[in-house]
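Visitor: Provided below: upload-v9.cif, containing mmCIF, C-alpha atoms.
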```
data_input
loop_
_atom_site.label_atom_id
_atom_site.label_comp_id
_atom_site.auth_asym_id
_atom_site.auth_seq_id
_atom_site.Cartn_x
_atom_site.Cartn_y
_atom_site.Cartn_z
CA MET A 256 0.00 0.00 0.00
CA VAL A 257 2.56 2.52 -1.11
CA LYS A 258 2.08 5.10 -3.80
CA PHE A 259 4.84 6.45 -5.99
CA TYR A 260 4.99 9.46 -8.23
CA SER A 261 8.08 9.96 -10.39
CA SER A 262 9.08 12.51 -12.96
CA THR A 263 12.16 13.76 -14.77
CA TYR A 264 12.76 17.26 -16.04
CA ASP A 265 15.58 19.76 -16.37
CA TYR A 266 16.50 23.32 -15.56
CA SER A 267 18.30 25.31 -18.24
CA TYR A 268 20.81 26.53 -15.70
CA PRO A 269 24.19 25.12 -14.72
CA PHE A 270 24.46 22.68 -11.84
CA PRO A 271 26.18 25.04 -9.34
CA ALA A 272 23.44 27.64 -9.82
CA VAL A 273 20.70 25.05 -9.34
CA THR A 274 22.19 23.81 -6.07
CA LEU A 275 22.46 27.37 -4.80
CA ALA A 276 18.88 28.05 -5.84
CA TYR A 277 17.81 24.94 -3.94
CA PHE A 278 19.19 26.42 -0.72
CA LEU A 279 17.62 29.78 -1.54
CA ARG A 280 14.27 28.57 -2.82
CA TYR A 281 12.13 29.71 0.12
CA PRO A 282 10.32 31.96 0.09
CA ASN A 283 9.38 32.43 -3.55
CA PRO A 284 6.11 33.58 -5.13
CA TYR A 285 5.01 29.93 -5.46
CA SER A 286 5.91 29.01 -1.89
CA THR A 287 4.61 31.79 0.30
CA HIS A 288 3.36 29.12 2.70
CA VAL A 289 6.91 28.52 3.95
CA LEU A 290 7.19 30.46 7.19
CA SER A 291 10.72 29.64 8.29
CA THR A 292 13.82 27.69 7.35
CA ASP A 293 16.54 26.64 9.77
CA THR A 294 19.73 24.68 9.31
CA ILE A 295 19.84 21.89 11.86
CA SER A 296 23.23 20.50 10.90
CA ARG A 297 25.82 20.95 8.20
CA SER A 298 29.00 19.03 7.53
CA PHE A 299 31.67 19.47 4.89
CA ASP A 300 34.10 16.72 4.00
CA PRO A 301 37.22 18.26 2.41
CA ALA A 302 38.42 14.88 1.14
CA THR A 303 35.32 14.17 -0.97
CA GLN A 304 34.25 17.84 -1.36
CA ARG A 305 30.76 16.83 -0.25
CA LEU A 306 28.45 19.03 1.77
CA THR A 307 25.61 17.50 3.78
CA THR A 308 22.89 19.76 5.12
CA VAL A 309 19.86 19.06 7.28
CA ARG A 310 17.23 21.78 7.36
CA LEU A 311 13.88 22.25 9.03
CA HIS A 312 11.12 24.12 7.22
CA LEU A 313 7.96 25.33 8.85
CA LYS A 314 5.03 25.46 6.47
CA ARG A 315 1.46 26.55 6.80
CA SER A 316 -1.23 23.83 6.61
CA LYS A 317 -0.83 20.34 7.88
CA LEU A 318 -2.30 17.31 6.20
CA PRO A 319 -4.58 17.88 3.25
CA SER A 320 -7.94 18.79 4.73
CA ALA A 321 -9.50 15.88 2.85
CA VAL A 322 -7.25 13.58 4.83
CA LEU A 323 -8.14 15.31 8.07
CA LYS A 324 -11.79 14.65 7.28
CA LEU A 325 -11.06 10.94 6.99
CA LEU A 326 -9.49 10.67 10.40
CA PRO A 327 -11.36 9.89 13.60
CA ARG A 328 -11.51 12.72 16.11
CA SER A 329 -9.81 10.59 18.73
CA LEU A 330 -6.68 10.45 16.61
CA LEU A 331 -6.59 14.15 15.89
CA GLY A 332 -6.77 15.26 19.52
CA ALA A 333 -8.14 18.51 20.77
CA SER A 334 -5.64 20.95 19.27
CA ALA A 335 -5.26 19.41 15.83
CA ALA A 336 -8.16 21.10 14.07
CA GLY A 337 -6.97 24.65 14.73
CA ASP A 338 -3.29 23.95 14.22
CA SER A 339 -2.23 24.75 10.71
CA GLN A 340 1.56 24.49 10.65
CA SER A 341 3.76 21.57 9.81
CA TYR A 342 7.44 20.79 9.96
CA ILE A 343 9.35 19.38 7.00
CA LEU A 344 12.78 17.83 7.41
CA GLU A 345 15.09 18.22 4.42
CA THR A 346 18.40 16.42 3.99
CA SER A 347 20.71 17.18 1.09
CA THR A 348 24.17 16.21 -0.09
CA VAL A 349 26.01 18.19 -2.73
CA ASP A 350 28.91 16.47 -4.44
CA VAL A 351 30.56 19.28 -6.36
CA LYS A 352 33.22 17.06 -7.93
CA GLU A 353 30.73 14.58 -9.35
CA GLY A 354 28.15 17.25 -10.12
CA VAL A 355 25.35 15.52 -8.22
CA MET A 356 23.00 16.71 -5.51
CA HIS A 357 20.68 14.36 -3.63
CA ALA A 358 17.88 15.91 -1.65
CA GLU A 359 15.14 14.36 0.43
CA SER A 360 12.21 16.02 2.19
CA ARG A 361 9.75 14.41 4.55
CA ASN A 362 7.01 15.42 6.91
CA LEU A 363 7.89 15.25 10.58
CA GLU A 364 4.42 14.98 12.05
CA TRP A 365 1.58 12.62 11.23
CA THR A 366 3.98 10.12 9.71
CA GLY A 367 1.77 7.27 10.94
CA VAL A 368 -1.21 8.73 9.11
CA LEU A 369 0.70 9.68 5.98
CA SER A 370 4.42 9.66 5.41
CA VAL A 371 5.42 11.68 2.37
CA VAL A 372 9.03 11.41 1.21
CA GLU A 373 10.20 13.41 -1.76
CA LYS A 374 13.55 12.45 -3.24
CA GLN A 375 15.27 14.57 -5.84
CA THR A 376 18.52 14.11 -7.71
CA PHE A 377 20.07 17.04 -9.54
CA ARG A 378 22.74 16.06 -12.00
CA ARG A 379 25.19 17.90 -14.22
CA PRO A 380 24.98 16.35 -17.69
CA PRO A 381 28.20 14.92 -19.11
CA PRO A 382 30.17 17.58 -21.00
CA PRO A 383 29.65 17.53 -24.78
CA SER A 384 32.57 16.07 -26.66
CA ASP A 385 31.88 18.11 -29.76
CA ASP A 386 34.14 21.17 -29.90
CA GLN A 387 31.55 23.46 -31.35
CA ALA A 388 28.94 22.65 -28.71
CA PHE A 389 31.63 23.24 -26.12
CA ARG A 390 32.37 26.74 -27.35
CA GLN A 391 28.69 27.67 -27.51
CA CYS A 392 28.01 26.74 -23.90
CA GLU A 393 31.20 28.20 -22.57
CA GLY A 394 30.15 31.79 -23.05
CA ALA A 395 26.84 31.38 -21.27
CA ALA A 396 28.38 29.49 -18.39
CA GLU A 397 31.09 32.05 -17.85
CA LYS A 398 28.66 34.91 -18.02
CA HIS A 399 26.81 33.36 -15.17
CA GLY A 400 29.80 33.72 -12.95
CA PHE A 401 29.44 30.49 -11.03
CA LEU A 402 31.33 28.41 -13.52
CA GLU A 403 35.00 28.06 -14.10
CA LYS A 404 36.05 28.79 -17.63
CA GLY A 405 35.57 25.78 -19.84
CA GLU A 406 32.86 24.06 -17.86
CA ALA A 407 30.20 23.56 -20.46
CA ALA A 408 27.07 22.56 -18.62
CA GLY A 409 24.21 25.01 -18.97
CA ARG A 410 21.63 22.43 -18.02
CA THR A 411 20.82 20.41 -14.92
CA ASP A 412 18.84 17.19 -15.05
CA VAL A 413 16.38 16.46 -12.28
CA GLN A 414 14.83 13.20 -11.23
CA SER A 415 12.08 13.44 -8.66
CA THR A 416 10.19 10.73 -6.78
CA VAL A 417 7.47 11.12 -4.20
CA ILE A 418 6.71 8.12 -2.00
CA LEU A 419 3.50 8.07 0.02
CA LEU A 420 2.75 5.61 2.76
CA SER A 421 -0.10 5.49 5.22
CA ARG A 422 0.30 3.30 8.27
CA LEU A 423 -2.90 4.45 9.91
CA GLY A 424 -4.01 2.07 12.63
CA GLN A 425 -1.19 -0.25 11.78
CA TRP A 426 1.61 0.44 14.24
CA LYS A 427 0.93 -2.27 16.76
CA LYS A 428 -0.53 -4.74 14.37
CA ARG A 429 2.50 -4.66 12.13
CA ARG A 430 4.87 -5.25 15.01
CA ALA A 431 2.86 -8.16 16.35
CA ALA A 432 2.03 -9.85 13.09
CA GLY A 433 4.20 -10.88 10.20
CA LEU A 434 4.25 -9.42 6.71
CA GLN A 435 2.01 -12.17 5.33
CA SER A 436 -0.96 -11.38 7.56
CA GLU A 437 -0.55 -7.71 6.72
CA GLN A 438 -0.88 -8.48 3.04
CA ASP A 439 -3.94 -10.60 3.74
CA ALA A 440 -5.49 -7.69 5.59
CA ALA A 441 -4.74 -5.42 2.65
CA VAL A 442 -6.45 -7.77 0.21
CA ALA A 443 -9.46 -8.17 2.49
CA GLY A 444 -9.63 -4.40 2.98
CA LYS A 445 -9.77 -3.80 -0.74
CA GLY A 446 -12.88 -5.92 -1.04
CA VAL A 447 -14.57 -4.04 1.75
CA ALA A 448 -13.65 -0.69 0.18
CA GLU A 449 -15.23 -1.66 -3.12
CA GLU A 450 -18.44 -2.72 -1.42
CA GLU A 451 -18.66 0.36 0.71
CA ALA A 452 -17.94 2.75 -2.12
CA GLU A 453 -21.37 1.79 -3.45
CA GLN A 454 -23.10 3.12 -0.37
CA PRO A 455 -24.32 6.69 -0.21
CA GLN A 456 -22.19 9.11 1.79
CA LYS A 457 -23.53 9.71 5.30
CA VAL A 458 -22.42 10.82 8.72
CA GLY A 459 -20.18 8.24 10.29
CA PHE A 460 -19.55 6.65 6.92
CA PHE A 461 -15.81 7.00 7.20
CA LYS A 462 -15.81 5.21 10.54
CA SER A 463 -17.05 2.07 8.89
CA TRP A 464 -14.13 1.94 6.49
CA SER A 465 -11.55 -0.72 7.04
CA THR A 466 -8.05 0.32 7.97
CA ALA A 467 -6.74 -0.76 4.60
CA SER A 468 -9.21 1.28 2.59
CA LEU A 469 -8.61 4.32 4.76
CA GLN A 470 -4.89 4.00 4.18
CA ARG A 471 -5.44 3.60 0.50
CA SER A 472 -7.64 6.67 0.22
CA ILE A 473 -5.24 8.76 2.28
CA GLU A 474 -2.36 7.71 0.04
CA LEU A 475 -4.40 8.57 -3.05
CA ILE A 476 -5.23 12.01 -1.75
CA GLY A 477 -1.57 12.54 -0.89
CA LEU A 478 -0.60 11.42 -4.37
CA LYS A 479 -2.95 13.91 -5.95
CA ARG A 480 -1.46 16.62 -3.78
CA ALA A 481 2.04 15.69 -4.81
CA ARG A 482 1.09 15.78 -8.48
CA ARG A 483 -0.52 19.16 -8.08
CA SER A 484 2.23 20.78 -6.05
CA GLN A 485 5.18 19.65 -8.11
CA PRO A 486 4.74 22.12 -10.98
CA ASN A 487 4.64 24.91 -8.38
CA ALA A 488 7.87 23.73 -6.78
CA MET A 489 9.47 23.72 -10.22
CA GLU A 490 8.21 27.20 -11.06
CA GLY A 491 9.45 28.45 -7.71
CA MET A 492 12.95 27.19 -8.45
CA LYS A 493 12.81 28.84 -11.87
CA VAL A 494 11.89 32.19 -10.34
CA VAL A 495 14.87 31.97 -7.98
CA LEU A 496 17.20 30.93 -10.83
CA GLU A 497 15.94 33.76 -13.00
CA ARG A 498 16.56 36.27 -10.22
CA MET A 499 20.03 34.86 -9.81
CA ARG A 500 20.78 35.27 -13.49
CA GLU A 501 19.42 38.80 -13.59
CA GLY A 502 20.81 40.17 -10.38
CA GLY A 503 23.10 37.60 -8.79
CA LEU A 504 22.74 36.83 -5.12
CA VAL A 505 21.58 40.36 -4.42
CA GLY A 506 18.75 39.83 -6.87
CA VAL A 507 17.73 36.61 -5.14
CA LEU A 508 17.83 38.13 -1.67
CA GLU A 509 15.84 41.17 -2.70
CA GLY A 510 13.22 39.02 -4.38
CA MET A 511 13.12 36.94 -1.24
CA ARG A 512 12.55 40.02 0.89
CA ARG A 513 9.57 41.02 -1.27
CA ASP A 514 8.14 37.51 -1.09
CA ARG A 515 8.57 37.45 2.63
CA GLU A 516 6.67 40.67 3.03
CA MET A 517 3.82 38.86 1.32
CA VAL A 518 4.15 35.94 3.73
CA THR A 519 4.13 38.12 6.81
CA SER A 520 1.30 40.34 5.64
CA HIS A 521 -0.96 37.42 4.64
CA GLY A 522 0.50 34.43 6.35
CA HIS A 523 -0.19 34.98 10.01
CA HIS A 524 -3.74 36.17 9.71
CA GLY A 525 -5.31 32.88 8.81
CA THR A 526 -7.26 32.42 5.63
CA GLY A 527 -9.43 34.92 3.85
CA PRO A 528 -12.90 34.06 2.54
CA ASN A 529 -11.59 33.12 -0.90
CA LYS A 530 -9.06 30.75 0.55
CA VAL A 531 -11.72 28.97 2.58
CA THR A 532 -13.90 28.44 -0.47
CA ALA A 533 -10.98 27.14 -2.48
CA GLU A 534 -10.07 24.76 0.28
CA SER A 535 -13.59 23.32 0.55
CA ASP A 536 -13.72 22.85 -3.20
CA GLN A 537 -10.49 20.97 -2.97
CA VAL A 538 -11.87 18.60 -0.35
CA ILE A 539 -14.82 17.82 -2.56
CA GLU A 540 -12.57 17.31 -5.54
CA ASP A 541 -10.24 15.01 -3.60
CA LEU A 542 -13.06 12.90 -2.24
CA GLY A 543 -14.81 12.81 -5.59
CA ASP A 544 -11.68 11.41 -7.13
CA PHE A 545 -11.43 8.74 -4.52
CA HIS A 546 -14.95 7.48 -5.10
CA GLU A 547 -14.41 7.25 -8.83
CA ASP A 548 -11.45 5.02 -8.22
CA MET B 220 16.68 30.36 3.58
CA SER B 221 14.03 32.47 5.06
CA ALA B 222 13.67 33.57 8.64
CA SER B 223 14.33 31.31 11.59
CA LEU B 224 11.42 29.69 13.35
CA ALA B 225 12.93 31.24 16.46
CA PRO B 226 12.95 35.03 15.89
CA GLU B 227 15.50 35.45 18.68
CA CYS B 228 18.00 33.50 16.55
CA ASN B 229 17.73 35.74 13.49
CA GLU B 230 20.39 37.96 15.02
CA VAL B 231 22.98 35.28 14.31
CA LYS B 232 21.26 33.52 11.41
CA GLU B 233 19.89 35.79 8.76
CA TYR B 234 21.47 38.01 6.18
CA VAL B 235 20.62 41.64 6.60
CA LEU B 236 17.74 42.29 4.27
CA SER B 237 18.39 45.97 3.89
CA PHE B 238 20.52 48.37 1.89
CA ARG B 239 23.59 46.57 3.17
CA VAL B 240 22.67 43.64 0.99
CA HIS B 241 23.75 45.65 -2.05
CA SER B 242 27.31 45.25 -1.02
CA PHE B 243 26.94 41.53 -0.76
CA LEU B 244 29.98 39.61 -1.99
CA ARG B 245 31.77 42.84 -2.76
CA THR B 246 32.40 44.96 0.28
CA VAL B 247 30.42 42.97 2.79
CA SER B 248 30.24 44.79 6.08
CA LYS B 249 31.56 43.19 9.21
CA HIS B 250 28.05 43.15 10.56
CA GLU B 251 26.92 40.81 7.84
CA TYR B 252 29.73 38.43 8.42
CA ARG B 253 28.27 37.83 11.83
CA ARG B 254 25.19 36.28 10.27
CA TYR B 255 25.45 32.61 9.54
CA ASP B 256 23.35 32.61 6.35
CA SER B 257 25.44 35.37 4.78
CA CYS B 258 28.62 33.61 5.71
CA PHE B 259 27.37 30.35 4.25
CA LEU B 260 26.21 31.87 0.95
CA LYS B 261 29.53 33.57 0.47
CA TRP B 262 31.52 30.46 1.31
CA TYR B 263 29.26 28.19 -0.74
CA SER B 264 29.32 30.28 -3.91
CA GLU B 265 32.92 31.50 -3.75
CA LYS B 266 34.71 28.48 -2.36
CA PHE B 267 32.64 25.30 -2.27
CA LEU B 268 31.09 25.52 -5.73
CA ARG B 269 34.46 26.30 -7.24
CA GLY B 270 36.03 23.31 -5.56
CA ASN B 271 38.34 25.56 -3.55
CA ALA B 272 36.99 24.81 -0.08
CA THR B 273 39.34 23.30 2.47
CA THR B 274 37.32 23.87 5.65
CA ASP B 275 33.83 25.04 6.52
CA GLU B 276 34.74 28.62 7.36
CA CYS B 277 31.34 29.36 8.81
CA GLU B 278 31.44 26.68 11.46
CA PRO B 279 32.09 29.06 14.39
CA LEU B 280 29.05 31.11 13.39
CA PHE B 281 27.02 27.98 12.92
CA LYS B 282 27.80 26.92 16.47
CA GLN B 283 26.44 30.22 17.79
CA TYR B 284 23.32 29.91 15.68
CA LYS B 285 22.86 26.28 16.62
CA GLN B 286 23.15 27.07 20.29
CA CYS B 287 20.35 29.57 19.99
CA LEU B 288 18.24 27.32 17.78
CA GLY B 289 18.77 24.32 20.05
CA LYS B 290 17.06 26.13 22.91
CA ALA B 291 14.15 27.07 20.68
CA LEU B 292 13.76 23.52 19.36
CA LYS B 293 13.77 22.18 22.87
CA SER B 294 11.27 24.66 24.26
CA ARG B 295 8.89 23.88 21.40
CA GLY B 296 9.31 20.14 21.73
CA ILE B 297 10.73 19.93 18.23
CA ASP B 298 13.90 18.18 19.38
CA SER B 299 11.93 15.16 20.57
CA MET B 300 9.89 15.27 17.38
CA LEU B 301 13.11 15.09 15.37
CA GLU B 302 14.22 12.13 17.44
CA GLU B 303 10.89 10.37 16.90
CA ALA B 304 11.09 11.10 13.21
CA ARG B 305 14.46 9.39 12.97
CA GLU B 306 12.98 6.33 14.63
CA ASP B 307 9.86 6.48 12.50
CA ASN B 308 11.72 7.01 9.26
CA ARG B 309 13.66 3.82 9.74
CA GLU B 310 10.40 1.88 9.98
CA ASN B 311 8.81 3.68 7.05
CA ASP B 312 11.89 3.21 4.90
CA ALA B 313 11.89 -0.49 5.74
CA GLN B 314 8.29 -0.77 4.62
CA HIS B 315 8.93 1.29 1.49
CA LEU B 316 11.62 -1.22 0.58
CA ARG B 317 9.38 -4.22 1.26
CA ASP B 318 6.42 -2.83 -0.63
CA GLY B 319 8.35 -1.14 -3.38
#
```
Reformat the file's structure so that it appears as structure tokens.
Guide:
Amino acid sequence: MVKFYSSTYDYSYPFPAVTLAYFLRYPNPYSTHVLSTDTISRSFDPATQRLTTVRLHLKRSKLPSAVLKLLPRSLLGASAAGDSQSYILETSTVDVKEGVMHAESRNLEWTGVLSVVEKQTFRRPPPPSDDQAFRQCEGAAEKHGFLEKGEAAGRTDVQSTVILLSRLGQWKKRRAAGLQSEQDAAVAGKGVAEEEAEQPQKVGFFKSWSTASLQRSIELIGLKRARRSQPNAMEGMKVVLERMREGGLVGVLEGMRRDREMVTSHGHHGTGPNKVTAESDQVIEDLGDFHED
Amino acid sequence: MSASLAPECNEVKEYVLSFRVHSFLRTVSKHEYRRYDSCFLKWYSEKFLRGNATTDECEPLFKQYKQCLGKALKSRGIDSMLEEAREDNRENDAQHLRDG
């Protein structure tokens, strides 16, 4: 009962710039929900020229509200409904010699309900052997200022995978029982879900779902979220890279200051009427999708 | 690299988002050097990315920042959450491997 979402794309910027933009990507106009970013640990290995960084991001909104609706009150606790911030742990390693950056982000809270792990690999493409191609790229790379003369890589390849796993109601069971019985439960749960999907929606309906079907629906909603948010994450990186090209680090920092003013002027005052409507529509859309499935 | 979750730590963490930023990487004021983020960006772009780094020059500043942040993480219960997450991640990763 795990869902995957993978994609590959590229940024038309050199590898060093992309790694820098990764560290500078919050806030941007597509990520005004990021309230803070802190570096928890950082270690540099001079022998390998690798830099490992662990950061903690604080974002507005917790689980998708559609997921919250699926959960029993007892699990949410008293404070959960009003609490709308979540912590994301990000670990990254930049290997500047090899031209590879691995990054992984995961939610810190609610991991039993839904664990979302996003893995990204940024890679410098192999240098072109053709002399002409080499000369063409060289100018652009040098102009950027982050590249040594002769390094001809104006593109960075990205591979991204999101892994979603719900273990709702499973903690103790999984420890006590073996893998086989867990699979049996999953198969049995699927049957129940199909039967119940036929029934009309009513109060207390969700309570009658089996653990397996709840997990499945939560994973599906998470998957939809991941699909929807990825283009935004990409656009956000592009904005930061563009600012870097136009105005260097100063350009990035000034853009960041403007974005942050937006965050502080809108972010801490909850949601406006439009936001609420949009959110409710989303819940309906998410649930609608599940029932079609 | 936005603000710290602990505002009291911004004094040692953040770059100065003011007119001083214009001098970034050129004639950076001493004040800015005292901020960890500024120090890191300068080191990362000028040394690390060029393969010229021999040590993490910003480590002393990071220690100051970490000391401040550590208190904030503790008082908010985030330190134990991080610990739990490490434990939890191992289990989740194990299941990802089994299922995947």
Visitor: May I have the residues within 8 Å of Tyr284 in chain B as a ChimeraX atom specification, using all atoms listed in the file and disregarding those fewer than 6 positions away in the same chain?
Guide: /B:228,231-232,255
Visitor: Apply the PyMOL selection byres ((chain B) within 6 of (chain A)) to the displayed file and report the matching residues as a ChimeraX atom specification.
Guide: /B:220-224,273,304
Visitor: Could you tell me how far CA of Gln375 in chain A sits from CA of Ala291 in chain B, in Å to one decimal place?
Guide: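 Pair CA of Ala291 in chain B / CA of Gln375 in chain A returns 29.3 Å.
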Visitor: Separation of CA of Tyr285 in chain A and CA of Gly491 in chain A, in Å?
Guide: 5.2 Å
Visitor: Nearest to Leu260 in chain B: which of A:Ala488, A:Leu325, A:Met517, A:Val507 is it, counting all atoms listed in the file?
Guide: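 Checking each of A:Ala488, A:Leu325, A:Met517, A:Val507 against Leu260 in chain B, counting all atoms listed in the file, the winner is A:Val507.
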Visitor: I'd like the contact shell of Ser360 in chain A - 7 Å cut-off, only C-alpha atoms, skipping same-chain residues fewer than 4 positions apart - returned as an NGL selection string.
Guide: :A and (343-346 or 372-374)
Visitor: Between CA of Gly409 in chain A and CA of Phe377 in chain A, what is the distance, to one decimal in Å?
Guide: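 Between CA of Gly409 in chain A and CA of Phe377 in chain A the gap works out to 13.0 Å.
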Visitor: Determine the nearest neighbour of Val355 in chain A from the options B:Glu230, B:Leu268, B:Glu276, B:Arg309, counting all atoms listed in the file.
Guide: B:Leu268
